[in-house]
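Contents: one structure, followed by commentary.
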Number of protein chains: 2
Amino acid sequence: MNEMLIQMGKNAREAEKSLRSLSTAKKNEALAAVAQRLVEKADVLLKANEEDVANGRKNNMKESLVDRLMLTKERIEGMAEGLRQLVDLEDPIGEVLGMKKRPNGLLIGQKRVPLGVIGIIYEARPNVTADAFGLCFKTSNAVILKGGSDAIYSNQAIVDCIRETLKEHGVTEDAVQLIGDTSRETAAEFMKLDEYVDVLIPRGGAGLIHAVVSQSTIPVIETGTGNCHIYVDETADLSMAADIVINAKTQRIGVCNACESLLVHNAVKDQFLPVLAQRLKEKNVEMRADEEALALMPGAVPATEKDWGTEYLDYILSIKVVYSVDEAIEHINRYNTGHSEAIITNSYENAQKFLDEVDAAAVYVNASTRFTDGFEFGYGAEIGISTQKLHARGPMGLLALTTTKYIIYGNGQVRP
Amino acid sequence: MNEMLIQMGKNAREAEKSLRSLSTAKKNEALAAVAQRLVEKADVLLKANEEDVANGRKNNMKESLVDRLMLTKERIEGMAEGLRQLVDLEDPIGEVLGMKKRPNGLLIGQKRVPLGVIGIIYEARPNVTADAFGLCFKTSNAVILKGGSDAIYSNQAIVDCIRETLKEHGVTEDAVQLIGDTSRETAAEFMKLDEYVDVLIPRGGAGLIHAVVSQSTIPVIETGTGNCHIYVDETADLSMAADIVINAKTQRIGVCNACESLLVHNAVKDQFLPVLAQRLKEKNVEMRADEEALALMPGAVPATEKDWGTEYLDYILSIKVVYSVDEAIEHINRYNTGHSEAIITNSYENAQKFLDEVDAAAVYVNASTRFTDGFEFGYGAEIGISTQKLHARGPMGLLALTTTKYIIYGNGQVRP
């Protein structure tokens, strides 16, 4: 096993102990200071990021990925704002839930405690670096970050900022560590570091997540792949439907809650699809349509079976005509990744049916799937969007990074 | 892949759909009917169980395991009582948590939903069969049970009872299915049934749990191994301490919350250990002691390093002298399995320190570890005691068998 990783694991375990007893006031002080530092050092961060972006362009990185990678003053301000919002959120650590006296006099409650050491493996989104640190730190967890090679300069600059600030405030720097070696071999070894890491959270594309789930000996929380659908029901307000589809597809394309597939009820296809096609074309969205939709969408190309299961993260949309809400639900439950799904309808019955029967982390009526996000849901920065059912589902804020232990006060009780 | 398992998986997925829409009233009616049926059919169950017990004795099963396997009228009544308590518990399914209106008008809440299909792999405890069915059924999950060969007659009799009763009440029998083939090969194949099973819960010894964790492609909740410690602090009430140790060690030996290891502060060892040794001898408990304890416990044998990490599930106790609460905590955090740990003390400071720093699902002051149990904690029957940190920790009642999904009501919101 890689000595460097073992040393980082040991550092994290040490940091975990000291973080456990850090007061909320001290944690908030450090978070606010890190936020300020990131903004102050924006020029340093942008410079580091420029190197990454230049490398990406040199390596023919897709524009959607360059978009994910790119930092701007506004995005740095966004990272800082995420940390500042964490200051304002209540610290969940130490809270005792449901403490009750049992008939035998035992006083039993559940105390919220940190998970311990959290590992994050992610791809080219440098903002994850600050978000992940902030959420882990506010919940007294130590974090080990493994970013992608594409963002290594940006990530290193952000982590340097954070560690400097922590040190100045008398907090253990090893609250956050970045694995500098971005090779696949090191990533694979990191996934076996179960002695030192309590939970591993992959953030990135389907390939990364699949690799982590299948190789890791650390418990994993799956996040992020989003083959998200919008279903336009026969009773939909078609103008609202078009606005929502355009927003969910094009407002930001490289993100997991973007719409990838559109289902349209047969009864409204003639009226809806030609208008939508025009608006999609204006946004340069490639349309991959089934046979029935194809005829109504000038410029569309035929969809193949593979399209229904594909998360494009690009200016591409698949389109299919269905004959009922049931067919839409069945199609979605077959092809979706359990992320975000929306129905556009004015039917009370179909809205409730869709909410009940679609199996996903977030199910919407008459709104864009783009809202599945920690900020939008009011949790501040998020560590990822869980698409699994265990532990946490949907945007994961502070609570997802905690566990509980039962604490029991007795006075000599034995079991009869 | 085993055709029989695939068919059972398909049956369970079908059952899952119909269970989702079953009313709480109907679920309660069926649970009460099953409880009654189990008691009425006690003779049939006891006869089936006799076969298992006879086979066990023939195969030289350890007495502690025979104890786990054995049914009595009282234990059948206990199973029925577990189901009746479930009737009285609130149905968590369908509850919407924290629904709030966001500034943009979106109404966002978390709806509690079933996990779907739950797999349980367990060893020779037939009561698990009824408990697991009851908890899964009350939470609208379908369950596939894989019991051990040692209890196959008992398990089959219990499942027959349940399925007959469900059928009479117009509920899908496939809410519970028992895998009749108890071979290791079938168990291994069951662990790969991730297409049909959402979560796998192993209940049994360390070997079983390790096998499931390392082989399963289904997400696993680890349960049950308990290398539980009691630490007798220098300020302990020694008479209370002795009562608690005897209770935690001997009240029922084959269970995961029994005490396996005793730590005694040096300052009280001379006064405490000889008296305790006498009482342990009366209960035929073998004592495996470190050098310092050995001299004070007539009849004890020397402990080896291996003893500190062993869950005996038998009339054996390891004993070690320590010099501080910190040494006790360090020893426990090194050797425990994250189950249940107790301190006997009158020191406020040491009690709080032990509660804060011991890393386990349940941490006690001045009480027997034997209370870590769903009934004792007031949840009714439990599906197991989680010793992991994700999703659920400690006794797992109804809530551990649910997940949530976000439901979002909008009126045309798009993301700016």
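Labels for the structure tokens follow display order: chains A, B, ..., residues from 1 in each chain, ligands from 1.
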
Quick one: everything within 12 Å of B:Glu40, counting only C-alpha atoms, minus sequence neighbours fewer than 4 positions away in the same chain. Send it as JSON, numbers by chain. {"B": [33, 34, 35, 36, 44, 45, 46, 73, 76, 77, 80, 158, 161, 165]}

Cut-off 6 Å: closest chain B/chain A atom pairs per residue, using only C-alpha atoms, as CSV:
```
residue,atom,partner,partner_atom,distance
B:Met240,CA,A:Gly412,CA,5.8
B:Ile244,CA,A:Val414,CA,5.8
B:Ala361,CA,A:Lys405,CA,4.9
B:Ala362,CA,A:Tyr406,CA,4.5
B:Val363,CA,A:Ile407,CA,5.1
B:Tyr364,CA,A:Ile408,CA,4.7
B:Val365,CA,A:Tyr409,CA,5.1
B:Asn366,CA,A:Gly410,CA,4.9
B:Ala367,CA,A:Gln413,CA,4.8
B:Ser368,CA,A:Val414,CA,5.1
B:Lys389,CA,A:Thr403,CA,5.8
B:Leu390,CA,A:His391,CA,5.6
B:His391,CA,A:His391,CA,3.5
B:Thr403,CA,A:Lys389,CA,5.8
B:Lys405,CA,A:Ala361,CA,4.9
B:Tyr406,CA,A:Ala362,CA,4.5
B:Ile407,CA,A:Val363,CA,5.1
B:Ile408,CA,A:Tyr364,CA,4.7
B:Tyr409,CA,A:Val365,CA,5.1
B:Gly410,CA,A:Asn366,CA,4.9
B:Asn411,CA,A:Asn366,CA,5.2
B:Gly412,CA,A:Ala367,CA,5.1
B:Gln413,CA,A:Ala367,CA,4.8
B:Val414,CA,A:Ser368,CA,5.1
```

Could you find all residues in stretch 41-221 of chain A that DSSP calls alpha helix (DSSP H) from the backbone, and write them as a ChimeraX atom specification? /A:42-58,63-69,73-88,127-138,152-168,184-190,206-215

From stretch 272-318 of chain B, collect each residue whose DSSP state is strand (DSSP E) and return the set as a list in words.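 For stretch 272-318 of chain B, the strand (DSSP E) set is Glu286, Met287, Arg288, Ala289, Val301, Pro302, Ile316, Leu317 and Ser318 of chain B.
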
Grab the atom CA of B:Ala12 to atom CA of B:Gly180 distance for me, in Å with one decimal place.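 Here the two named atoms are 15.4 Å from each other.
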
Mind giving me the straight-line distance from atom CA of B:Gly204 to atom CA of A:Met99 in Å, one decimal? 29.2 Å

Option closest in space to A:Leu262, from A:Asp43, A:Asp314, A:Glu341, A:Glu90 [counting only C-alpha atoms]: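 Checking each of A:Asp43, A:Asp314, A:Glu341, A:Glu90 against A:Leu262, counting only C-alpha atoms, the winner is A:Glu341.
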